[in-house]
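Here is the structure we will look at.
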Amino acid sequence: MLIDVHAHFFPERSPRSDWRSYNASRLEAGRRIGITVHVTSTLGTFGLTSPTYFPSPVDVVYGNDFTIALQREHPARIRGYMCVNPNYQDHARSEIDRGRAAGLIGVKLAASRRADDPLIDAICARAQHHGLPILQHIWQGRRRDWPGQEASDGAELCRLAARHPQVTFILAHVAGGGDWRHTLAVAPPHRNVYLDLSGSGVDGGMLEACLEAVGAERLLWGSDITMDTGWAKLRYLKHLLSPADFECVAWKNAARIFPPGSFPSD
Amino acid sequence: MRVDVNAFLGSYPFAKVPGTAPADVLAAMNRVKIDEAWVTHLPGLFWRDPAAGNAWLYETCRATPRLHPVPAVHPGLANWSEVLREAVAHGAPAIRCDPCHFALAPSGPEMIALAAAAGSAGRPLLLAVRLEDSRQRHPNDVTPELPAHAVRALIRSHPAVRLVVTHADRGFIEEVHFGSAPEEARRIWWDISWIWGPPEEHLATVLRTVGPERFVFGTGQPLRLPEAAIAKLDLLDIAPEHRAAIESRNARAASGGTT
């Protein structure tokens with residue numbers, strides 16, 4: 001059993017004309033790697049008609065509809081997060097309710113606000129109501145604003161997590177660029193924050209440092225947009241961890257934080 | 001047979017990196033079934049005279065036949081011709097110069113002279129585009145990345161020049177390959193360490209468009225997990241002969257048959 005907690009498939013309305021082959025490539029690579037379930041989120045139209053990290057309400061609905069359809073098309077292999085933009089509070093809450101009713105299993109927050117922004121609180125409350133984890137896009141150690149997205153880093157997510165101890169947060173792509181050491185310095189005491197290992201980074205010493213910081217019980221395996229590096233980390237973890245700890249990172253931790261019945265083995 | 005053309009020995013100045021001693025690199029090679037590796041003395045890349053690490057490198061490789069020295073040559077220092085001769089005498093499969101680390105103009109006169117001399121001595125010049133993701137580097141690590149135009153300029157500078165370029169991504173490779181005449185492009189080899197696999201399929205794309213004969217197996221270990229380069233290959237639909245070429249035969253061609 002292997003759960004990829006950070007996957008993306010592209011919808012037709014996106015800047016990628018190769019969206020079909022991209023999606024097919026993900027599924028085929030997942031088959032080779034042995035991924036049982038891809039947990040995916042769709043960030044609106046990924047920039048086609050509103051910015052990826054600031055998706056408009058119309059695009060949020062479009063993206064979530066696509067995720068719901070994917071989950072229905074691949075009931076054994078794909079699960080989904082509902083992506084919301086917290087700047088539209090009522091809309092975000094209703095999308096969470098709608099997505100959960102349609103079977104989605106988590107909430108995805110792109111960087112539409114800083115991770116500790118008060119507008120996120122209502123999202124957390126809604127996630128808690130449904131028992132859903134929140135996957136928060138994070139740029140590790142990002143301490144100032146750049147174009148295209150709010151600066152949301154691990155320290156800010158941990159502040160949010162402290163305000164919502166009953167909600168489980170997935171700190172996205174610790175290997176996705178940026179200073180992961182900055183994140184590891186802040187995450188350890190926040191027991192409701194899990195680190196998603198996805199991202200293109202395969203730095204020597206990174207996985208050891210993640211283990212030292214939060215232990216195998218708070219690591220989640222994922223790939224994001226580079227499945228080769230995800231597989232590399234998985235292979236190295238097999239060398240690094242006991243079989244029991246490896247199972248935790250590969251799927252058991254994920255099975256614990258998503259709603260019961262989310263995965264085939266539940 | 002699998003040969004890693006992109007490996008280092010020794011500590012990294014900007015971060016704690018485990019497994020940098022020769023025995024540790026050999027253990028990692030055993031773990032992922034890499035038979036041989038071209039290795040550079042990593043701390044030397046940050047020294048005023050990077051060649052000062054070469055004596056240790058030669059001694060280490062002499063004692064460890066699976067490791068082949070890729071010594072650093074600084075063409076801004078007066079003794080660089082002697083350092084190059086020494087490299088050839090020690091059977092180095094390549095020599096390396098990372099001009100941005102040495103604060104040299106990447107395609108300036110020193111680099112042009114070194115590339116030509118190395119080529120005339122039958123050795124490729126190895127250069128890294130980067131060592132780390134620019135988004136995570138130490139605040140004081142402000143070394144620029146190697147620009148693609150410098151690679152184009154170097155390969156055009158002399159017909160004997162051969163280049164092995166590591167840590168390049170798809171865009172960089174395409175810009176240089178299709179920005180070079182075919183005769184020039186045939187003298188450049190690219191390591192696969194920084195080229196994305198699926199679902200972006202950058203590696204599959206460049207193998208199709210640039211050709212498998214232009215790529216060599218490289219990992220960037222121990223700064224990067226060597227498992228990544230192998231995973232990229234395992235995720236490809238690739239003919240066995242092409243994979244074998246990438247994993248060892250092309251490196252032999254690049255080195256002029258020295259390994």
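Lettering and numbering for the structure tokens are positional, with chains as A, B, ... in the shown order, residues counted from 1 in each chain, and ligands counted from 1 in the shown order.
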Per-residue DSSP, segment 226-257 of chain B, filtered to helix (DSSP H, G or I), as a PDB file with N, CA and C atoms, in the first residue's frame:
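New file part-v2.pdb:
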ATOM      1  N   GLU B 227      19.682   7.669  -5.599  1.00  0.00           N
ATOM      2  CA  GLU B 227      18.479   6.940  -6.023  1.00  0.00           C
ATOM      3  C   GLU B 227      17.700   7.713  -7.086  1.00  0.00           C
ATOM      4  N   ALA B 228      17.831   9.041  -7.099  1.00  0.00           N
ATOM      5  CA  ALA B 228      17.010   9.845  -8.014  1.00  0.00           C
ATOM      6  C   ALA B 228      17.355   9.561  -9.475  1.00  0.00           C
ATOM      7  N   ALA B 229      18.630   9.482  -9.773  1.00  0.00           N
ATOM      8  CA  ALA B 229      19.019   9.256 -11.173  1.00  0.00           C
ATOM      9  C   ALA B 229      18.566   7.878 -11.643  1.00  0.00           C
ATOM     10  N   ILE B 230      18.625   6.917 -10.749  1.00  0.00           N
ATOM     11  CA  ILE B 230      18.195   5.562 -11.131  1.00  0.00           C
ATOM     12  C   ILE B 230      16.684   5.514 -11.296  1.00  0.00           C
ATOM     13  N   ALA B 231      15.975   6.196 -10.420  1.00  0.00           N
ATOM     14  CA  ALA B 231      14.510   6.219 -10.538  1.00  0.00           C
ATOM     15  C   ALA B 231      14.085   6.823 -11.884  1.00  0.00           C
ATOM     16  N   LYS B 232      14.801   7.858 -12.318  1.00  0.00           N
ATOM     17  CA  LYS B 232      14.463   8.465 -13.624  1.00  0.00           C
ATOM     18  C   LYS B 232      14.553   7.428 -14.734  1.00  0.00           C
ATOM     19  N   LEU B 233      15.619   6.636 -14.698  1.00  0.00           N
ATOM     20  CA  LEU B 233      15.793   5.628 -15.747  1.00  0.00           C
ATOM     21  C   LEU B 233      14.761   4.519 -15.615  1.00  0.00           C
ATOM     22  N   ASP B 234      14.461   4.142 -14.388  1.00  0.00           N
ATOM     23  CA  ASP B 234      13.490   3.055 -14.184  1.00  0.00           C
ATOM     24  C   ASP B 234      12.076   3.469 -14.611  1.00  0.00           C
ATOM     25  N   PRO B 240      17.095  -1.287 -24.044  1.00  0.00           N
ATOM     26  CA  PRO B 240      18.239  -1.668 -23.196  1.00  0.00           C
ATOM     27  C   PRO B 240      19.564  -1.096 -23.685  1.00  0.00           C
ATOM     28  N   GLU B 241      19.746  -1.040 -25.000  1.00  0.00           N
ATOM     29  CA  GLU B 241      21.034  -0.536 -25.493  1.00  0.00           C
ATOM     30  C   GLU B 241      21.176   0.972 -25.227  1.00  0.00           C
ATOM     31  N   HIS B 242      20.066   1.674 -25.252  1.00  0.00           N
ATOM     32  CA  HIS B 242      20.134   3.100 -24.943  1.00  0.00           C
ATOM     33  C   HIS B 242      20.410   3.319 -23.458  1.00  0.00           C
ATOM     34  N   ARG B 243      19.773   2.510 -22.636  1.00  0.00           N
ATOM     35  CA  ARG B 243      20.033   2.638 -21.201  1.00  0.00           C
ATOM     36  C   ARG B 243      21.491   2.309 -20.889  1.00  0.00           C
ATOM     37  N   ALA B 244      21.995   1.288 -21.524  1.00  0.00           N
ATOM     38  CA  ALA B 244      23.396   0.916 -21.290  1.00  0.00           C
ATOM     39  C   ALA B 244      24.336   2.039 -21.740  1.00  0.00           C
ATOM     40  N   ALA B 245      23.963   2.690 -22.822  1.00  0.00           N
ATOM     41  CA  ALA B 245      24.789   3.803 -23.298  1.00  0.00           C
ATOM     42  C   ALA B 245      24.801   4.925 -22.270  1.00  0.00           C
ATOM     43  N   ILE B 246      23.635   5.244 -21.748  1.00  0.00           N
ATOM     44  CA  ILE B 246      23.559   6.324 -20.759  1.00  0.00           C
ATOM     45  C   ILE B 246      24.301   5.940 -19.482  1.00  0.00           C
ATOM     46  N   GLU B 247      24.178   4.689 -19.096  1.00  0.00           N
ATOM     47  CA  GLU B 247      24.737   4.285 -17.808  1.00  0.00           C
ATOM     48  C   GLU B 247      26.252   4.096 -17.846  1.00  0.00           C
ATOM     49  N   SER B 248      26.811   3.864 -19.023  1.00  0.00           N
ATOM     50  CA  SER B 248      28.274   3.725 -19.020  1.00  0.00           C
ATOM     51  C   SER B 248      28.944   4.053 -20.363  1.00  0.00           C
ATOM     52  N   ARG B 249      28.359   3.619 -21.473  1.00  0.00           N
ATOM     53  CA  ARG B 249      29.102   3.704 -22.734  1.00  0.00           C
ATOM     54  C   ARG B 249      29.352   5.153 -23.153  1.00  0.00           C
ATOM     55  N   ASN B 250      28.370   6.005 -22.935  1.00  0.00           N
ATOM     56  CA  ASN B 250      28.556   7.407 -23.340  1.00  0.00           C
ATOM     57  C   ASN B 250      29.633   8.086 -22.498  1.00  0.00           C
ATOM     58  N   ALA B 251      29.717   7.706 -21.228  1.00  0.00           N
ATOM     59  CA  ALA B 251      30.762   8.285 -20.381  1.00  0.00           C
ATOM     60  C   ALA B 251      32.137   7.883 -20.891  1.00  0.00           C
ATOM     61  N   ARG B 252      32.229   6.642 -21.334  1.00  0.00           N
ATOM     62  CA  ARG B 252      33.508   6.190 -21.893  1.00  0.00           C
ATOM     63  C   ARG B 252      33.857   7.009 -23.136  1.00  0.00           C
ATOM     64  N   ALA B 253      32.855   7.249 -23.974  1.00  0.00           N
ATOM     65  CA  ALA B 253      33.102   8.047 -25.177  1.00  0.00           C
ATOM     66  C   ALA B 253      33.505   9.471 -24.811  1.00  0.00           C
ATOM     67  N   ALA B 254      32.814  10.029 -23.824  1.00  0.00           N
ATOM     68  CA  ALA B 254      33.119  11.405 -23.423  1.00  0.00           C
ATOM     69  C   ALA B 254      34.540  11.526 -22.902  1.00  0.00           C
TER      70      ALA B 254
END
Tell me as number ranges by chain which residues belonging to chain A come within 7 Å of chain B, counting only C-alpha atoms. A: 22, 25-26, 29, 177-179, 202-205, 225-229, 231-232, 235-236
For the selection you just gave me, I'd like the residues written to a file as a JSON list (two decimals), in the first residue's frame, keeping C-alpha atoms.
[["chain", "number", "residue", "atom", "x", "y", "z"],
["A", 22, "TYR", "CA", 0.36, 14.47, -18.52],
["A", 25, "SER", "CA", 1.94, 9.78, -17.48],
["A", 26, "ARG", "CA", 1.14, 10.26, -13.79],
["A", 29, "ALA", "CA", 4.39, 6.25, -13.36],
["A", 177, "GLY", "CA", 12.33, 24.25, -2.86],
["A", 178, "GLY", "CA", 13.17, 26.77, -0.22],
["A", 179, "ASP", "CA", 14.97, 26.29, 3.04],
["A", 202, "VAL", "CA", 16.55, 15.01, -3.06],
["A", 203, "ASP", "CA", 19.12, 16.66, -0.83],
["A", 204, "GLY", "CA", 21.52, 14.40, 0.99],
["A", 205, "GLY", "CA", 20.66, 14.55, 4.68],
["A", 225, "ILE", "CA", 5.12, 17.35, -9.93],
["A", 226, "THR", "CA", 8.26, 15.18, -9.95],
["A", 227, "MET", "CA", 7.51, 11.51, -9.42],
["A", 228, "ASP", "CA", 11.09, 10.42, -10.05],
["A", 229, "THR", "CA", 12.35, 12.32, -7.04],
["A", 231, "TRP", "CA", 10.36, 7.48, -5.88],
["A", 232, "ALA", "CA", 13.99, 8.18, -5.04],
["A", 235, "ARG", "CA", 13.66, 4.01, -2.06],
["A", 236, "TYR", "CA", 16.02, 5.75, 0.32]]
For atom CA of Met111 of chain B and atom CA of Glu86 of chain B, quote the distance in Å rounded to one decimal.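 Atom-to-atom, atom CA of Met111 of chain B to atom CA of Glu86 of chain B, that is 18.2 Å.
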Top pick for closest residue to Val142 of chain B, considering B:His101, B:Gly76, B:Ala117, B:Ile155 and counting only C-alpha atoms: B:His101
9 Å contact set for Val186 of chain A, only C-alpha atoms, chain neighbours under 4 positions out, as a ChimeraX atom specification: /A:154-155,158,181-182,190
Show me, as a ChimeraX atom specification, the residues that have an atom within 12 Å of Val151 of chain B when counting only C-alpha atoms, minus same-chain residues fewer than 2 positions from it. /B:98-99,105-108,111-112,115,125-129,145-149,153-157,161-166,168,172-177,179-180,184-185,187-190
Please write the residues from the selection above to a file, keeping C-alpha atoms, as a compact mmCIF listing (two decimals), in the first residue's frame.
# COMPACT_ATOMS: atom_id res chain seq x y z
CA ASP B 98 33.27 25.70 -12.41
CA PRO B 99 33.98 29.25 -13.51
CA ALA B 105 33.96 34.89 -16.72
CA PRO B 106 32.19 31.66 -17.78
CA SER B 107 33.28 32.02 -21.37
CA GLY B 108 36.15 34.41 -20.84
CA MET B 111 37.97 29.33 -19.79
CA ILE B 112 38.47 29.33 -23.56
CA ALA B 115 38.72 24.15 -22.67
CA LEU B 125 35.96 19.73 -19.41
CA LEU B 126 33.26 19.07 -16.82
CA LEU B 127 31.13 21.95 -15.54
CA ALA B 128 28.16 22.08 -13.20
CA VAL B 129 25.27 24.44 -13.90
CA GLU B 145 24.56 29.60 -12.03
CA LEU B 146 26.45 28.68 -15.17
CA PRO B 147 24.68 30.40 -18.08
CA ALA B 148 23.70 28.45 -21.19
CA HIS B 149 25.35 30.98 -23.48
CA ALA B 153 30.55 29.85 -26.50
CA LEU B 154 32.92 27.24 -25.11
CA ILE B 155 31.90 24.51 -27.53
CA ARG B 156 32.29 26.91 -30.46
CA SER B 157 35.68 28.11 -29.31
CA VAL B 161 36.72 21.02 -26.97
CA ARG B 162 34.53 18.38 -25.35
CA LEU B 163 32.21 19.23 -22.49
CA VAL B 164 30.37 17.24 -19.85
CA VAL B 165 27.72 19.46 -18.27
CA THR B 166 26.07 18.38 -15.03
CA ALA B 168 21.36 21.08 -16.27
CA PHE B 172 19.15 24.62 -20.53
CA ILE B 173 19.96 21.50 -22.53
CA GLU B 174 17.57 22.37 -25.34
CA GLU B 175 18.87 25.92 -25.55
CA VAL B 176 22.46 24.76 -25.93
CA HIS B 177 21.82 21.71 -28.08
CA GLY B 179 21.70 26.58 -30.36
CA SER B 180 24.74 24.66 -31.55
CA GLU B 184 29.33 21.16 -31.92
CA ALA B 185 26.42 19.46 -30.17
CA ARG B 187 30.92 17.19 -28.42
CA ILE B 188 28.65 17.86 -25.43
CA TRP B 189 27.36 15.28 -22.95
CA TRP B 190 24.69 16.02 -20.35
Selection: 9 Å around Leu197 of chain A, only C-alpha atoms, excl. self and same-chain fewer than 5 positions, as a PyMOL selection string: chain A and resi 6+171-176+207+210+219-223+230+233
Polymer residues at most 12 Å from Pro118 of chain A, only C-alpha atoms, same-chain spacing of 3 or more positions, as JSON, numbers by chain: {"A": [86, 87, 89, 113, 114, 115, 121, 122, 123, 124, 125, 156, 157, 159, 160, 163, 164]}
With C-alpha atoms retained, could you export that selection as an mmCIF file, in the first residue's frame?
data_model
loop_
_atom_site.group_PDB
_atom_site.id
_atom_site.type_symbol
_atom_site.label_atom_id
_atom_site.label_comp_id
_atom_site.auth_asym_id
_atom_site.auth_seq_id
_atom_site.Cartn_x
_atom_site.Cartn_y
_atom_site.Cartn_z
ATOM 1 C CA PRO A 86 -10.237 31.763 1.684
ATOM 2 C CA ASN A 87 -10.643 35.293 0.372
ATOM 3 C CA GLN A 89 -15.231 32.942 2.832
ATOM 4 C CA ARG A 113 -3.506 34.127 2.039
ATOM 5 C CA ARG A 114 -0.622 33.764 4.412
ATOM 6 C CA ALA A 115 -1.014 30.505 6.304
ATOM 7 C CA ASP A 121 -9.736 30.181 10.735
ATOM 8 C CA ALA A 122 -13.169 29.648 9.240
ATOM 9 C CA ILE A 123 -11.707 27.141 6.786
ATOM 10 C CA CYS A 124 -10.149 25.265 9.671
ATOM 11 C CA ALA A 125 -13.436 25.227 11.542
ATOM 12 C CA GLU A 156 3.083 30.603 9.700
ATOM 13 C CA LEU A 157 1.372 27.264 9.266
ATOM 14 C CA ARG A 159 0.951 29.353 14.184
ATOM 15 C CA LEU A 160 -2.304 28.399 12.508
ATOM 16 C CA ARG A 163 -4.862 27.906 16.983
ATOM 17 C CA HIS A 164 -6.598 24.762 15.717
#
For atom CA of Ala204 of chain B and atom CA of Asp237 of chain B, determine how far apart the two atoms are, in Å to one decimal place.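 Those two atoms sit 8.1 Å apart.
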I want to know what sits within 9 Å of Val61 of chain A, based on only C-alpha atoms, with residues of the same chain fewer than 5 positions away left out; could you give that as a PyMOL selection string? chain A and resi 44+56+66+83-84+95
